[in-house]
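J.: Pasting in a structure now, in structure tokens, and then I'll have a few things to ask.
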Amino acid sequence: MPDPVSILSGLCCGVVIGFTLGLIGGGGSILAVPLLLYVVGLADPHQAIGTSALAVTINAFFSLSSHARARRVRWKCAALFTCAGILGAGLGASMGKIIDGQRLLFLFALIMLVVGTLMLRGSRNGDDAAHGPERTAPLPIVLYGVVTGFCSGFFGIGGGFLIVPALLAATGMPMLNAVGTSLVAVCAFGLTTSVSYAMAGMVDLPMVGLLVAGGVAGSMGGATVARHMGERPERLRMFFACLVFIVAFYMMWRSMRAIGLA
């Protein structure tokens, strides 16, 4: 079992992850791995990825239930996107486990820079919903699903920051529906990734429980703040994007030192 300091840090990290998910519908999972490594103190990057994947999956399920009750989920699209993405997530998780942990962290930091850039663009554009009629052609949905699923499995992240833009590009559905629909895929991709890592003994179950407990409280707080701020919390997105950039550069520096490049 974790010591008292790890318990407290795990709960606090869960609150941060859940709060971000509740506030902006994604992005919190991208902080889970660096939080587990540099705040909680897990030594193995692969264990941090496997642990965060399972915790994010459970937290995303609570958010999904809220969106489902509000009828914001396009279930047919979610099923097609998710089934395609599960194949990609399984392949991505298998490849991620065989890559050196520190090199994987460096690649993880690069994807964090992509996340920050997407969030900055979203805040500047006001997260406008896609224009034009919704599209239901299955091929774009399947292709986007496979690619985002692979990224989710490879990096052990929920992938909502990629899934939402992918759904908008593939279908043109409104933003709120894209956020709700994306959570189906987040749950499925995360479960696929976490099962793959658990089979290799790379999931810390007690820490998962702490992250989930903190995440439930944090997501409720984030959702409450989001309701008060409306549907366009641009300033908070900009702040979060800057935080992601800082953490990404720190991870790059640490990983480069570990592999002897700095």
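Identifiers in this document derive from the order of the structure tokens: chains are assigned A, B, ..., residues are numbered from 1 separately in each chain, and ligands are numbered from 1 in order of occurrence.
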Could you list, with a cut-off of 6 Å and counting only C-alpha atoms, the residues of range 138-247 of chain A near range 8-12 of chain A, each shown with its nearest atom pair and the distance in Å rounded to one decimal, rows sorted by chain and ascending number, as a Markdown table?

T.:
```
| residue | atom | partner | partner_atom | distance |
| --- | --- | --- | --- | --- |
| A:Leu210 | CA | A:Leu11 | CA | 5.2 |
| A:Leu211 | CA | A:Leu11 | CA | 5.5 |
| A:Gly214 | CA | A:Leu11 | CA | 4.6 |
```

J.: Residues near Ile259 in chain A, anyone? I mean within 12 Å using only C-alpha atoms, not counting same-chain ones fewer than 5 positions away, as a list in words.

T.: Asp100, Gly101, Gln102, Arg103, Leu104, Leu105, Phe106, Met252, Trp253 and Arg254 of chain A

J.: Dump N, CA and C atoms for the selected residues as an mmCIF file, in the first residue's frame?

T.:
```cif
data_model
loop_
_atom_site.group_PDB
_atom_site.id
_atom_site.type_symbol
_atom_site.label_atom_id
_atom_site.label_comp_id
_atom_site.auth_asym_id
_atom_site.auth_seq_id
_atom_site.Cartn_x
_atom_site.Cartn_y
_atom_site.Cartn_z
ATOM 1 N N ASP A 100 11.785 1.957 -24.889
ATOM 2 C CA ASP A 100 12.437 2.408 -23.658
ATOM 3 C C ASP A 100 11.619 3.502 -22.987
ATOM 4 N N GLY A 101 11.472 3.385 -21.662
ATOM 5 C CA GLY A 101 10.593 4.284 -20.926
ATOM 6 C C GLY A 101 10.927 5.757 -21.100
ATOM 7 N N GLN A 102 12.213 6.108 -21.030
ATOM 8 C CA GLN A 102 12.590 7.513 -21.134
ATOM 9 C C GLN A 102 12.376 8.057 -22.545
ATOM 10 N N ARG A 103 12.617 7.238 -23.553
ATOM 11 C CA ARG A 103 12.340 7.672 -24.930
ATOM 12 C C ARG A 103 10.836 7.842 -25.150
ATOM 13 N N LEU A 104 10.067 6.971 -24.505
ATOM 14 C CA LEU A 104 8.621 7.089 -24.606
ATOM 15 C C LEU A 104 8.145 8.385 -23.947
ATOM 16 N N LEU A 105 8.773 8.762 -22.836
ATOM 17 C CA LEU A 105 8.423 10.020 -22.181
ATOM 18 C C LEU A 105 8.750 11.218 -23.069
ATOM 19 N N PHE A 106 9.853 11.127 -23.803
ATOM 20 C CA PHE A 106 10.206 12.220 -24.706
ATOM 21 C C PHE A 106 9.132 12.369 -25.786
ATOM 22 N N MET A 252 10.702 16.769 -21.334
ATOM 23 C CA MET A 252 11.725 16.606 -22.365
ATOM 24 C C MET A 252 13.120 16.740 -21.764
ATOM 25 N N TRP A 253 13.298 17.713 -20.891
ATOM 26 C CA TRP A 253 14.598 17.930 -20.252
ATOM 27 C C TRP A 253 14.985 16.731 -19.392
ATOM 28 N N ARG A 254 14.027 16.225 -18.578
ATOM 29 C CA ARG A 254 14.311 15.077 -17.713
ATOM 30 C C ARG A 254 14.629 13.834 -18.527
#
```

J.: Which neighbours of Leu42 in chain A fall inside 12 Å, counting only C-alpha atoms, when residues of the same chain fewer than 4 positions from it are skipped, and could you give them as a short mmCIF file (atom, residue, chain, number, x, y, z; two decimals) with C-alpha atoms, in the first residue's frame?

T.:
```
data_model
loop_
_atom_site.label_atom_id
_atom_site.label_comp_id
_atom_site.auth_asym_id
_atom_site.auth_seq_id
_atom_site.Cartn_x
_atom_site.Cartn_y
_atom_site.Cartn_z
CA PRO A 2 1.17 3.60 -0.62
CA SER A 6 1.81 9.02 -1.63
CA SER A 9 -0.31 13.24 -3.43
CA GLY A 10 -2.34 10.62 -5.32
CA ALA A 32 -1.72 12.14 -15.32
CA VAL A 33 1.60 10.56 -16.36
CA PRO A 34 3.84 13.51 -15.38
CA LEU A 35 1.90 13.88 -12.11
CA LEU A 36 2.45 10.22 -11.27
CA LEU A 37 6.15 10.43 -12.13
CA TYR A 38 7.13 13.78 -10.66
CA HIS A 46 5.43 2.29 -18.19
CA GLN A 47 3.75 1.76 -14.82
CA ALA A 48 2.76 5.43 -14.76
CA ILE A 49 1.20 5.07 -18.23
CA GLY A 50 -0.70 1.89 -17.33
CA THR A 51 -1.92 3.29 -14.02
CA SER A 52 -3.06 6.59 -15.52
CA MET A 202 2.36 -2.42 -15.12
CA VAL A 203 -0.70 -1.07 -13.25
CA ASP A 204 -0.59 0.16 -9.62
CA MET A 207 -2.86 4.31 -6.85
#
```

J.: Point out the residue among A:Gly218, A:Gly149, A:Gly18, A:Pro138 with the least atom-to-atom distance to Leu87 in chain A, counting only C-alpha atoms.

T.: A:Gly149

J.: Could you check which of A:Ala84, A:Leu168, A:Val40, A:Ala93 is closest to Gly180 in chain A, using only C-alpha atoms?

T.: A:Leu168

J.: To one decimal place in Å, what is the distance between CA of Phe81 in chain A and CA of Met199 in chain A?

T.: 25.1 Å

J.: Record the distance separating CA of Tyr250 in chain A and CA of Arg121 in chain A, expressed in Å with one decimal.

T.: 22.3 Å

J.: Please indicate the distance in Å from CA of Val247 in chain A to CA of Leu107 in chain A, rounded to one decimal place.

T.: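 CA of Leu107 in chain A lies 13.2 Å from CA of Val247 in chain A.
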
J.: Once DSSP has gone over the backbone, tell me which residues of range 18-199 of chain A are in alpha helix (DSSP H), as a ChimeraX atom specification.

T.: /A:18-24,32-35,45-69,75-97,101-125,138-155,160-171,175-199

J.: Excluding range 183-194 of chain A and residues on its chain fewer than 5 positions from it, collect all residues at most 6 Å away from it, counting only C-alpha atoms, and give them as a ChimeraX atom specification.

T.: /A:50,53-54,57,64,82,86,89,93,153,158

J.: Atoms to include: C-alpha atoms. Write the selected residues as a PDB file, in the first residue's frame.

T.:
```
ATOM      1  CA  GLY A  50      -0.704   1.887 -17.334  1.00  0.00           C
ATOM      2  CA  ALA A  53      -4.871   4.810 -18.367  1.00  0.00           C
ATOM      3  CA  LEU A  54      -7.086   2.842 -15.974  1.00  0.00           C
ATOM      4  CA  THR A  57     -11.002   5.360 -17.970  1.00  0.00           C
ATOM      5  CA  LEU A  64     -19.961   9.983 -19.809  1.00  0.00           C
ATOM      6  CA  THR A  82     -14.876   3.262 -30.873  1.00  0.00           C
ATOM      7  CA  ILE A  86     -10.021  -0.204 -30.112  1.00  0.00           C
ATOM      8  CA  ALA A  89      -5.430   1.304 -29.134  1.00  0.00           C
ATOM      9  CA  ALA A  93      -0.309  -0.175 -26.325  1.00  0.00           C
ATOM     10  CA  GLY A 153      -2.880   3.288 -26.620  1.00  0.00           C
ATOM     11  CA  GLY A 158      -7.566   9.266 -22.738  1.00  0.00           C
TER      12      GLY A 158
END
```

J.: Have a look at A:Val208, A:Leu80, A:Ala200, A:Ile141 and name the one nearest to Pro165 in chain A; count only C-alpha atoms.

T.: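 Closest to Pro165 in chain A, using only C-alpha atoms: A:Ile141.
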
J.: Rank A:Leu143, A:Val244, A:Val73, A:Ala217 by their smallest atom-to-atom distance to Leu110 in chain A, using only C-alpha atoms, and report the top residue only.

T.: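 Of A:Leu143, A:Val244, A:Val73, A:Ala217, the one nearest Leu110 in chain A, counting only C-alpha atoms, is A:Val244.
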
J.: Give me, as a list in words, all polymer residues having an atom no more than 10 Å from Ala169 in chain A, counting only C-alpha atoms and skipping those fewer than 3 positions away in the same chain.

T.: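 What passes the distance filter is Ala130, Arg135, Pro140, Ile141, Tyr144, Ile163, Val164, Pro165, Ala166, Gly172 and Met173 of chain A.
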
J.: For the selection you just gave me, I'd like the residues written to a file as a PDB file, in the first residue's frame, keeping C-alpha atoms.

T.:
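Saved file again.pdb follows:
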```
ATOM      1  CA  ALA A 130     -18.302  22.753 -36.951  1.00  0.00           C
ATOM      2  CA  ARG A 135     -22.093  13.858 -42.040  1.00  0.00           C
ATOM      3  CA  PRO A 140     -13.803   9.015 -42.234  1.00  0.00           C
ATOM      4  CA  ILE A 141     -15.157   7.972 -38.847  1.00  0.00           C
ATOM      5  CA  TYR A 144     -10.060   8.878 -37.513  1.00  0.00           C
ATOM      6  CA  ILE A 163     -11.000  12.585 -30.358  1.00  0.00           C
ATOM      7  CA  VAL A 164     -13.130  15.733 -30.168  1.00  0.00           C
ATOM      8  CA  PRO A 165     -11.430  17.436 -33.161  1.00  0.00           C
ATOM      9  CA  ALA A 166     -11.502  14.105 -35.019  1.00  0.00           C
ATOM     10  CA  GLY A 172     -19.472  18.041 -38.371  1.00  0.00           C
ATOM     11  CA  MET A 173     -21.543  17.414 -35.225  1.00  0.00           C
TER      12      MET A 173
END
```

J.: Can you pull out the residues contacting Ala70 in chain A? Cut-off 12 Å, using only C-alpha atoms, and skip same-chain residues under 6 positions away; I want them as a short mmCIF file (atom, residue, chain, number, x, y, z; two decimals) with all heavy atoms, in the first residue's frame.

T.:
```
data_model
loop_
_atom_site.label_atom_id
_atom_site.label_comp_id
_atom_site.auth_asym_id
_atom_site.auth_seq_id
_atom_site.Cartn_x
_atom_site.Cartn_y
_atom_site.Cartn_z
N SER A 63 -18.01 10.99 -16.23
CA SER A 63 -18.35 12.12 -17.09
C SER A 63 -19.30 11.69 -18.20
O SER A 63 -20.23 12.42 -18.56
CB SER A 63 -17.08 12.73 -17.70
OG SER A 63 -16.24 13.26 -16.71
N LEU A 64 -19.09 10.49 -18.75
CA LEU A 64 -19.96 9.98 -19.81
C LEU A 64 -21.40 9.83 -19.33
O LEU A 64 -22.35 10.18 -20.06
CB LEU A 64 -19.44 8.64 -20.31
CG LEU A 64 -20.34 7.88 -21.29
CD1 LEU A 64 -20.56 8.69 -22.56
CD2 LEU A 64 -19.74 6.51 -21.62
N LEU A 176 -20.79 20.27 -28.30
CA LEU A 176 -21.25 19.58 -27.09
C LEU A 176 -21.49 18.10 -27.35
O LEU A 176 -21.20 17.25 -26.51
CB LEU A 176 -22.51 20.24 -26.55
CG LEU A 176 -22.32 21.57 -25.81
CD1 LEU A 176 -23.67 22.13 -25.38
CD2 LEU A 176 -21.41 21.39 -24.60
N ASN A 177 -22.02 17.78 -28.52
CA ASN A 177 -22.22 16.37 -28.87
C ASN A 177 -20.90 15.66 -29.11
O ASN A 177 -20.75 14.48 -28.77
CB ASN A 177 -23.10 16.24 -30.11
CG ASN A 177 -24.52 16.72 -29.87
OD1 ASN A 177 -24.91 17.78 -30.35
ND2 ASN A 177 -25.29 15.96 -29.11
N VAL A 179 -18.07 16.35 -27.59
CA VAL A 179 -17.49 16.11 -26.26
C VAL A 179 -18.14 14.89 -25.62
O VAL A 179 -17.46 13.99 -25.10
CB VAL A 179 -17.64 17.35 -25.36
CG1 VAL A 179 -17.24 17.02 -23.92
CG2 VAL A 179 -16.78 18.49 -25.89
N GLY A 180 -19.48 14.83 -25.63
CA GLY A 180 -20.17 13.70 -25.03
C GLY A 180 -19.85 12.40 -25.75
O GLY A 180 -19.59 11.37 -25.11
N THR A 181 -19.86 12.42 -27.07
CA THR A 181 -19.58 11.22 -27.86
C THR A 181 -18.13 10.75 -27.67
O THR A 181 -17.85 9.55 -27.63
CB THR A 181 -19.85 11.49 -29.35
OG1 THR A 181 -21.20 11.93 -29.50
CG2 THR A 181 -19.64 10.23 -30.19
#
```

J.: Go through A:Phe245, A:Tyr197, A:Phe155, A:Phe61 one by one, measure the shortest atom-to-atom distance of each to Val115 in chain A using only C-alpha atoms, and give the residue with the smallest value.

T.: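 Among the listed residues, the smallest separation from Val115 in chain A belongs to A:Phe245.
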
J.: Which of these residues is nearest to Gly215 in chain A, using only C-alpha atoms: A:Ile58, A:Ala248, A:Ala43, A:Leu31?

T.: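 Among the listed residues, the smallest separation from Gly215 in chain A belongs to A:Ile58.
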